[in-house]
Each structure stands twice: as structure tokens, then as C-alpha cells.
Amino acid sequence: MKRYKYILLAILVSASACRKINIPPPNIISDEAVFSSAAGIQAYMSRIYSTLPIEDFRYSPQRGLNFFWIISPTPATTGEALSRDQTGSMQENIGGWNWDMWAGCYNEIHDCNYFIKTLPAYASKFSADQVKQWLGEAYFIRGMTYFAMVKRFGGVPLVTDVLNYTVGGDVTPLKIPRASEKATWDLVDADFTYAMANLPAVNADAADGSRANKYVAAAFESRAMLYAGSVAKYNNITLFDGSHNQLCGIPAADATAYFQKAYDAAKMLDGVYSLYLKAWSATDKAAQYQNYVNLFSDASSPENIFVREYQYPNSVHGYDAYNVPRQLIGPNGYSAEVNPTLNFVEMFDGLPKNADGTLKTLDATGHYNLYTNTMDLFADAEPRLRATVILPGDVFKGQSIEIRRGIYTGAGTSISPLLPAGSKAQYPTTNLVTAANNDLNNSNPYTLPGGGQMKPAGASGIFTGDQTCAISGFSVRKWLDPNLPTAQVLENNEDQTWIEMRYAEVMLNRAEAAYELYSGGGSASLQTDAFTLINQIRSRAGANLLLSAGSMTIDTIRKERRKELAFENKTYWDLKRWHIFDKEQNGTIYRILMPFYSAQAGKYFFDARYDERNDVYTYDPRWYYEQLPGEAISKSTNVIQNPGY
Amino acid sequence: MKKIFYYTAFCLAVAAGTSCSKIDNYPAPSDTINGSTVDEGTGNTVQTEIGGGGTRVKLLETSYSANPVPEYFQSKQDGTFSDDKIFAATYKVSVEGPFVPLVQTDASGNVVSDSSQTVVLKGTASLKFKVQPFLRVEWVSKPVFNADSTVTVQVRITRGTHDPNYQQDVTNINLYVSNTQYDGNNNYDPRYSNLVSYNGSDGTSLLGQVITITTTGGAMPAQDVYFRVGARINAGLNQYNYSTPESAKYP
């Protein structure tokens with residue numbers, strides 16, 4: 001009988017005694033194996049670098065860090081862009097992330113602490129320089145990790161040594177309360193300062209910017225200290241624990257010291273890195289455009305400070321698959337997830353503007369201006385804009401990217417606006433031929449009065465039904481690989497390098513810190529320094545130069561930063577640290593630009609209007625400090641939740 | 001098949017024989033805390049918005065721990081609150097919302113005033129919190145339809161506190177339109193609501209005056225809708241103070 005066999009088996013299993021063996025378990029890698037060879041260290045490093053919490057191609061506020069599916073892209077939460085899958089403001093959805101922000105960071109911190117504690121015991125196996133560099137890298141990564149936490153949560157529990165728990169032991173010492181926000185920023189400062197002092201000028205294991213050197217640490221020190229200074233100066237949310245530690249907020253008096261640290265750290269990179277100018281020409285706008293495009297794909301760029309490299313098939317992303325214009329859609333679908341808003345485009349130079357700074361689309365009599373080609377409106381556009389945003393009719397991958405909302409069939413002269421100024425209503429259906437989706441667009445061409453046929457919408461939209469198109473009238477250009485064949489535009493297939501830190505940001509950090517110091521009573525030379533730096537950025541971009549240092553305000557510098565670092569997942573954090581998110585997104589509906597073709601006139605006109613979906617963006621001021629995950633508090637009840645949650 | 005059956009049956013038998021036999025027979029929480037947040041100047045309840053952006057009640061179960069993890073429940077829109085699923089225990093109760101905080105700390109974290117109430121909960125406890133709202137929004141003239149089917153309202157906004165720490169400038173005065181009474185900054189129709197942000201002291205200068213606001217976006221659709229005016233100052237979490245919601249009959 002079979003059943004007796006099973007009963008017998010059960011008895012055997014439960015009755016088998018244990019026998020002591022003294023062979024180390026072969027499936028657990030010992031310290032000895034890892035820490036006694038350079039290859040072991042390399043393996044340890046590659047793991048802690050790979051989980052370094054940075055907002056790269058695999059980040060979105062909705063789905064978190066290191067996740068492949070980016071259809072609620074970060075720029076669609078900041079006003080840089082609209083996306084059909086993102087319909088309003090949001091805080092980071094930390095609880096729903098694949099990579100646990102809280103526990104993941106403490107794992108990373110543990111791995112750094114363990115490395116820092118263990119490596120010295122094996123120091124004799126390596127040269128003194130190697131040990132110094134590796135320790136510097138561990139401190140750098142720990143500093144980066146605390147930076148990622150403090151910018152989200154404010155003060156967090158500070159762990160700088162390896163915590164040990166013996167089963168059944170007392171957990172009280174492990175219930176570390178949150179430190180003050182200031183103490184957390186100061187730990188970030190201390191870790192980066194250690195890294196700056198101990199790392200070599202060139203990383204001996206990887207000189208391509210994928211691992212830290214002293215200047216990488218300095219660049220992030222400038223970013224972090226600028227963040228801390230901004231919190232001290234602009235934050236008005238406070239939270240204290242029972243022992244008077246300020247968990248949220250930093251006393252305003254500390255702002256200057258942080259701005260000074262940001263300034264000094266940024267200055268360290270002076271002459272070591274430089275703006276990318278390989279294809280640039282002072283007089284040629286086309287060269288300026290091409291130079292700005294190349295900057296994001298040239299591995300030898302002197303502007304790249306710290307990068308994250310991808311490699312097929314081990315570590316991949318799908319940026320192009322999600323973001324190519326609709327007409328260049330890849331084999332597995334998606335496209336056009338990031339559609340820059342008109343509000344964003346209007347920040348740039350070289351566009352015809354009204355007195356209030358909005359794009360001029362009407363003539364003096366209040367009728368639409370007519371253009372032979374859609375690009376005529378953008379004939380003098382700043383080259384950086386063209387390299388950042390695909391404008392309707394601009395060329396990408398050898399194709400003119402056709403963006404058209406519809407065909408206007410009314411009279412072709414003195415065309416009045418389709419809707420009253422500022423209207424949030426739908427377009428009227430009379431005199432307009434439009435398409436709900438790509439198939440209907442292809443199957444219903446409109447016969448033009450002069451002969452010939454034209455599809456109602458452009459090949460890249462706008463399709464009123466499924467919205468898989470340039471819903472704002474623009475499509476993103478930055479980061480897209482112009483040489484990637486359409487058959488390769490696939491999810492989980494790309495290995496374009498992410499540039500996390502480039503010299504332009506360091507210059508902008510320095511300019512902003514200098515101006516904050518100047519406006520806080522610092523010397524006029526700081527103002528001049530900021531002025532010079534901003535003009536260097538503008539010159540490379542092909543933008544108009546500032547005429548005088550005195551004409552500059554803090555908003556000039558912020559605006560420059562938002563243009564230069566757009567679509568690099570930086571604006572989200574800038575709006576937070578400036579504490580202007582809730583003012584910018586306060587019942588806000590972003591604006592879009594809809595190109596129409598007038599069949600009678602044979603020309604194009606543009607209608608600037610509010611987002612047709614009427615998606616309202618309202619940033620809740622509570623979100624300046626993220627909600628701590630519930631399990632962080634239930635595991636360690638000394639941890640206090642942020643205000644309002 | 002037979003093998004799998006026996007194997008499964010055996011595993012189940014082992015599991016049933018060894019698993020814990022205790023059942024969770026602790027009675028469900030059934031005590032109630034209710035009450036209201038009342039403007040100490042007017043005696044009216046303090047209007048708020050539903051959801052996370054409005055008034056909430058904070059419970060500290062001091063009989064469980066000297067330093068308990070706080071629990072919260074949201075107030076209703078009209079400023080009253082009720083929760084009938086609370087365990088009998090001793091609680092320190094306070095409310096948080098668009099009014100001068102009941103628990104105030106100074107710049108270095110010292111508690112300078114604490115108007116929390118402590119209740120030994122057994123059955124039902126009714127609490128009334130007297131607070132000073134940042135702003136009071138009162139109707140002067142309830143919503144009326146104009147000839148062009150837009151709607152105009154008139155309100156008066158005044159400060160509800162003399163506390164020098166809460167005299168910040170008025171940053172927003174908004175007329176919200178919604179097809180439910182749960183009108184507020186988190187629930188309104190953007191086509192018709194009229195949202196105005198103010199810089200500097202521009203909004204503050206309107207305090208005490210009759211403010212006339214008309215809906216935007218042209219004629220309202222033919223349905224009965226609710227109107228509410230919200231205003232806020234730049235303090236704390238920038239929550240709004242509201243008027244009562246008012247409906248208007250489509251003519």
C-alpha cells in the first residue's frame with residue numbers, strides 16, 4: 001500500500017537526527033571570498049552601484065525606482081509634459097513600488113556599512129590607494145542613499161554602523177528614532193566630504209563616470225547642499241519629536257552655510273569638466289542644435305560626470321519605446337508618453353510672444369496667423385528647444401514629424417479663433433475634420449479643394465479618441481536615440497546611458513548657490529559669477545544672453561535650470577525644494593498648442609488652448625514630505641509619521 | 001491521481017493536527033467618539049473638505065503606551081465627526097485642520113499650548129473642540145443665475161483669529177462648482193469653477209469686503225449644481241476654509 005510508504009517517509013523525516021558538520025556551507029559566500037580579491041570587491045561594488053537610488057530611465061513617481069514600465073512618466077507630474085496615462089499631480093506612490101524605498105535604502109546603507117567595517121581587515125591584500133578609493137566609494141554611496149531618503153522624508157533614523165540582531169534578542173536598541181532633518185543632511189555632507197577627501201581624481205577601476213571619483217562626490221555635494229539650503233530657506237512645514245528634534249524643516253539661519261558648501265563643492269569641478277561643445281559653432285544654429293543632441297549620446301563627453309550604464313540583456317530600459325512620436329511606433333506598441341506642454345515650450349527664446357509671454361498665434365486683428373509649414377512658427381526657435389522637444393513638422397529619424405489636430409474647412413481668410421480666449425470647452429464640430437484614431441485617420445482622407453487628399457490628423461496625431469499621440473501638440477526629443485532602428489524600439493531592449501550628473505547642472509548649482517548667497521548679503525562678485533555661468537549655459541544652448549548681472553533674479557536662474565535639465569527627472573525635486581510646487585499646481589490646467597490645416601487657405605494655423613482633457617493639477621502641500629511607509633512605523637514604533645498623513 | 005489525493009490528505013491531516021487551535025475571539029471595537037469642531041467666535045461648526053485635505057481627529061491611546069503611534073479619522077465636511085469602531089481605552093483627542101492648532105510648539109519644539117481633551121472611553125464620548133479658524137467664509141448673497149446662465153455669488157471673508165502667528169496673506173479665493181454637495185478643492189468642475197490666486201497682500205486687502213465671484217466658462221449646463229467658496233492663507237498645510245455648500249436651481 002502506497003499510503004504506508006508516505007507514513008514511513010514522514011516518520012523518517014521527523015525522526016532523522018542532526019549531525020554536526022564543520023564544512024562551511026558552499027552556497028553562502030564568505031567575507032574571505034569577497035574581500036580578498038579585486039574581483040570580489042568589483043562584484044560587491046557593482047551590486048551596490050546597481051541599487052543606488054537615482055531617478056533614471058527606470059524611475060517614475062507612480063512605480064518607483066528600477067522598474068521597467070514607465071507610462072506615468074515623471075515629466076507628466078511637473079508640468080513639463082502631459083501624458084495620456086497621468087491625469088494630475090501626484091506624490092510618489094512609495095507603498096506601491098517594486099523597489100521598497102525605505103527598506104531598500106536601509107539594505108543599501110547596511111551594505112555600505114558592512115563594507116566600511118569589513119574591508120580594513122583585508123587591507124593587506126591590496127594597495128593603500130585601492131583601499132582608500134573603495135572606502136571612499138562606500139561613503140559616497142551611503143551619502144547618496146541618505147540623500148535619496150532625506151529629500152523624500154526629512155529626517156530619518158541614522159545608521160552608520162552594522163546593526164546585529166540575534167534571534168530572540170532584545171530589539172529595543174534597533175528601534176532607532178528619526179534624527180532631525182538637519183542631522184540627516186549633515187550626515188550626507190559628512191559622507192560626501194569623506195568621499196571627496198579619499199577618492200582619487202580618476203576612478204582606478206572605471207574611468208568612464210560609472211563609478212565615483214572625488215569630483216563626482218563634489219558634484220553631488222553641491223546638489224545635496226543646495227537642496228538643504230533651499231529647505232532651510234523656503235520650507236514652512238515643521239515637525240518635532242518629543243525630544244525637540246526637528247524632523248521636518250531646518251532653521252532658516254542655517255541656509256547660508258549650506259549654500260556656501262554647495263558653492264564651494266561646485267567650484268571644485270572648475271576646469272576639470274566642461275560643457276559639451278564638440279559640434280558647436282557660435283554662429284550656426286543648426287550646429288548648436290546638433291551639438292545639444294549629441295551631448296546625450298557621446299560617451300566621451302567632457303560634460304558627463306556620473307552616469308548609469310545599461311547593457312543588453314542584463315540591464316535594460318525602454319525609453320524610446322515609450323516616447324518615440326506616434327509615427328515611429330515600435331513593434332510592441334506604446335509611443336508618445338511624454339508630450340511637452342505649451343507652458344514649458346514658452347519658456348524658451350526665439351518664439352513670437354505676446355506681451356504676457358504667451359506664444360503669439362493671432363494677428364493684430366485677432367485672427368489666426370497662417371503658415372505654409374508648421375515649422376515656420378518655430379523658424380527662429382532656440383536650438384536647445386528643438387533638441388529637447390520635437391516641434392510639429394521638425395525632422396527626426398529622417399522623417400518630418402507630422403502633428404495636426406485636424407483640417408479646418410471654413411473660409412480661408414481672416415480665420416477667427418475656434419473658441420473664445422481661455423475656453424476649456426471642446427472644439428466645435430462644424431468646419432472641422434478630425435480623426436479618433438490612427439486607423440480612422442488612414443481610412444478617411446479628406447479631399448482638398450485644390451485637388452489631392454490629406455488625412456485629417458497628422459501621422460503623429462492628434463487622435464481625439466485613443467490619445468496615443470502628441471496630445472499637447474509636441475513630442476519629447478531629449479534622450480531619444482536617432483539611430484535606433486524602428487524594429488529595435490522595444491521595451492526592455494535599450495541600453496542608452498543615463499547621465500545622472502552633468503557639468504551643466506554643477507554650473508547651475510553653483511549659480512543658484514551664488515545668487516542665494518548674494519541675495520542673503522554676500523558680495524557682488526557672487527552675483528557676477530552667477531551671471532557668467534548662466535550666460536555660458538545660454539550661449540551653448542543658442543539662447544539669448546543676459547545683458548547684465550543686475551537684470552537677473554532668482555527666477556532667471558530657476559527658469560534656466562528648468563530648461564536645461566528638463567526631462568532629466570530633476571524638475572520634480574527642484575519644484576519641491578523651492579516649495580513652489582503647490583503654487584504652480586494649484587487647480588492648474590496646462591496649455592497645449594494645436595496645429596490645424598486650413599483647406600481653403602492651403603496653410604496652417606495654431607490654436608493655443610488649455611489641455612483638451614481638462615486634467616487639473618493640484619499639489620497637496622503635505623507632499624513636500626512624503627508619507628513614511630506604514631511598515632516602517634509598525635516595525636519601529638519610535639518612528640514618527642510626517643505631518644498630515 | 002490516487003497518489004496526489006493521499007499525499008494531499010496526509011499533508012492536510014498533519015496541518016490540521018499541528019496548527020494553532022486558538023481563535024481570535026476578541027470583541028470588535030464598538031465604542032464611539034463623536035462631536036464637532038466649532039468656531040469659538042461664531043459657534044458654527046468649521047466647514048472643511050472631505051478626504052485627506054480636511055479636518056481630522058487625532059487619537060493618542062495613552063492607556064496603551066506613554067508614546068503611542070497616533071490614529072486618525074477624518075471629519076465630515078460640515079465639521080462634525082463620528083467614529084463608532086473604537087476600542088474602549090483612554091485617549092488624548094485633538095483635531096487638526098484649517099484653524100489655529102490645538103497643540104502649538106515654538107521654534108525649538110517646546111509645547112507651548114495644548115488644548116487636547118482626554119477621554120476615558122466607555123460607550124460614547126461626545127467632544128466639542130472650540131477653535132479659531134484661519135478664515136471665515138460667509139455668504140452675503142447665495143448663488144443666483146444670471147441672464148446668460150452663469151452664476152454669481154457674493155461672500156465676505158474675515159479672519160477667525162488674532163493669533164499673530166496666523167495672520168499670513170490670503171493666497172487663494174475660489175468659487176467651486178460641483179454636481180454634488182461634496183464641493184471643495186479636491187472635487188470641482190474645472191470648466192465653471194473660478195479659481196483666483198493672489199500675490200502679496202492683494203488677497204488680504206479683500207478681507208471684510210463683499211467679494212463678488214462669477215462662474216467661468218460661459219453658460220452652465222441645465223442641471224442643479226452646488227456652489228462653495230474656499231479661501232486659504234499660507235499657513236501649516238495650506239488647507240482651505242470653506243463656506244457652506246449651496247445649491248442653485250437651474251432656471
# chains A, B, ... in the order shown; residues from 1 in each chain; ligands from 1
>>> closest_atom_pairs(of="chain B", to="chain A", cutoff="8 Å", atoms="only C-alpha atoms", output="CSV")
residue,atom,partner,partner_atom,distance
B:Lys3,CA,A:Lys2,CA,7.6
B:Tyr6,CA,A:Arg3,CA,6.8
B:Tyr7,CA,A:Tyr6,CA,7.4
B:Gly52,CA,A:Tyr645,CA,7.7
B:Gly53,CA,A:Asp620,CA,7.7
B:Pro68,CA,A:Thr637,CA,7.9
B:Val69,CA,A:Thr637,CA,6.7
B:Ser108,CA,A:His244,CA,6.2
B:Gly109,CA,A:His244,CA,4.7
B:Asn110,CA,A:His244,CA,6.7
B:Asn185,CA,A:Gly587,CA,7.8
B:Pro190,CA,A:Asn614,CA,7.0
B:Arg191,CA,A:Lys424,CA,5.8
B:Leu195,CA,A:Gly587,CA,7.2
B:Gly217,CA,A:Ser423,CA,6.1
B:Ala235,CA,A:Asn236,CA,7.9
B:Gly236,CA,A:Ile237,CA,6.2
B:Leu237,CA,A:Pro621,CA,5.6
B:Asn238,CA,A:Pro621,CA,6.7
>>> residues_around(residues="Val210 in chain B", least_positions_apart="5", cutoff="10 Å", atoms="only C-alpha atoms", output="number ranges by chain")
B: 138-141, 153-157
>>> closest_residue(among="B:Ala248, B:Ala125, B:Phe227, B:Gly208", to="Tyr188 in chain B", atoms="only C-alpha atoms")
B:Phe227
>>> closest_residue(among="A:Arg223, A:Arg84, A:Lys20, A:Lys603", to="Glu500 in chain A", atoms="only C-alpha atoms")
A:Arg223
>>> residues_around(residues="range 279-290 of chain A", least_positions_apart="4", cutoff="10 Å", atoms="only C-alpha atoms", output="count of residues only")
16
>>> residues_around(residues="Ala257 in chain A", least_positions_apart="5", cutoff="12 Å", atoms="only C-alpha atoms", output="list in words")
Lys182, Asp186, Asp189, Met225, Leu226, Ala228, Gly229, Ser230, Ala232, Lys233, Ile250, Pro251, Ala252, Ala262, Tyr263, Asp264, Ala513, Ala514, Glu516, Leu517, Gly520 and Gly522 of chain A
>>> select_by_dssp(residues="range 93-236 of chain B", states="strand (DSSP E or B)", output="number ranges by chain")
B: 93-96, 99, 103-105, 111-114, 117-120, 124-131, 133, 135-145, 151-159, 170-178, 184, 187, 194-197, 210-214, 225-233
>>> closest_residue(among="B:Gln132, B:Asn199, B:Thr214, B:Ser205", to="Thr152 in chain B", atoms="only C-alpha atoms")
B:Thr214
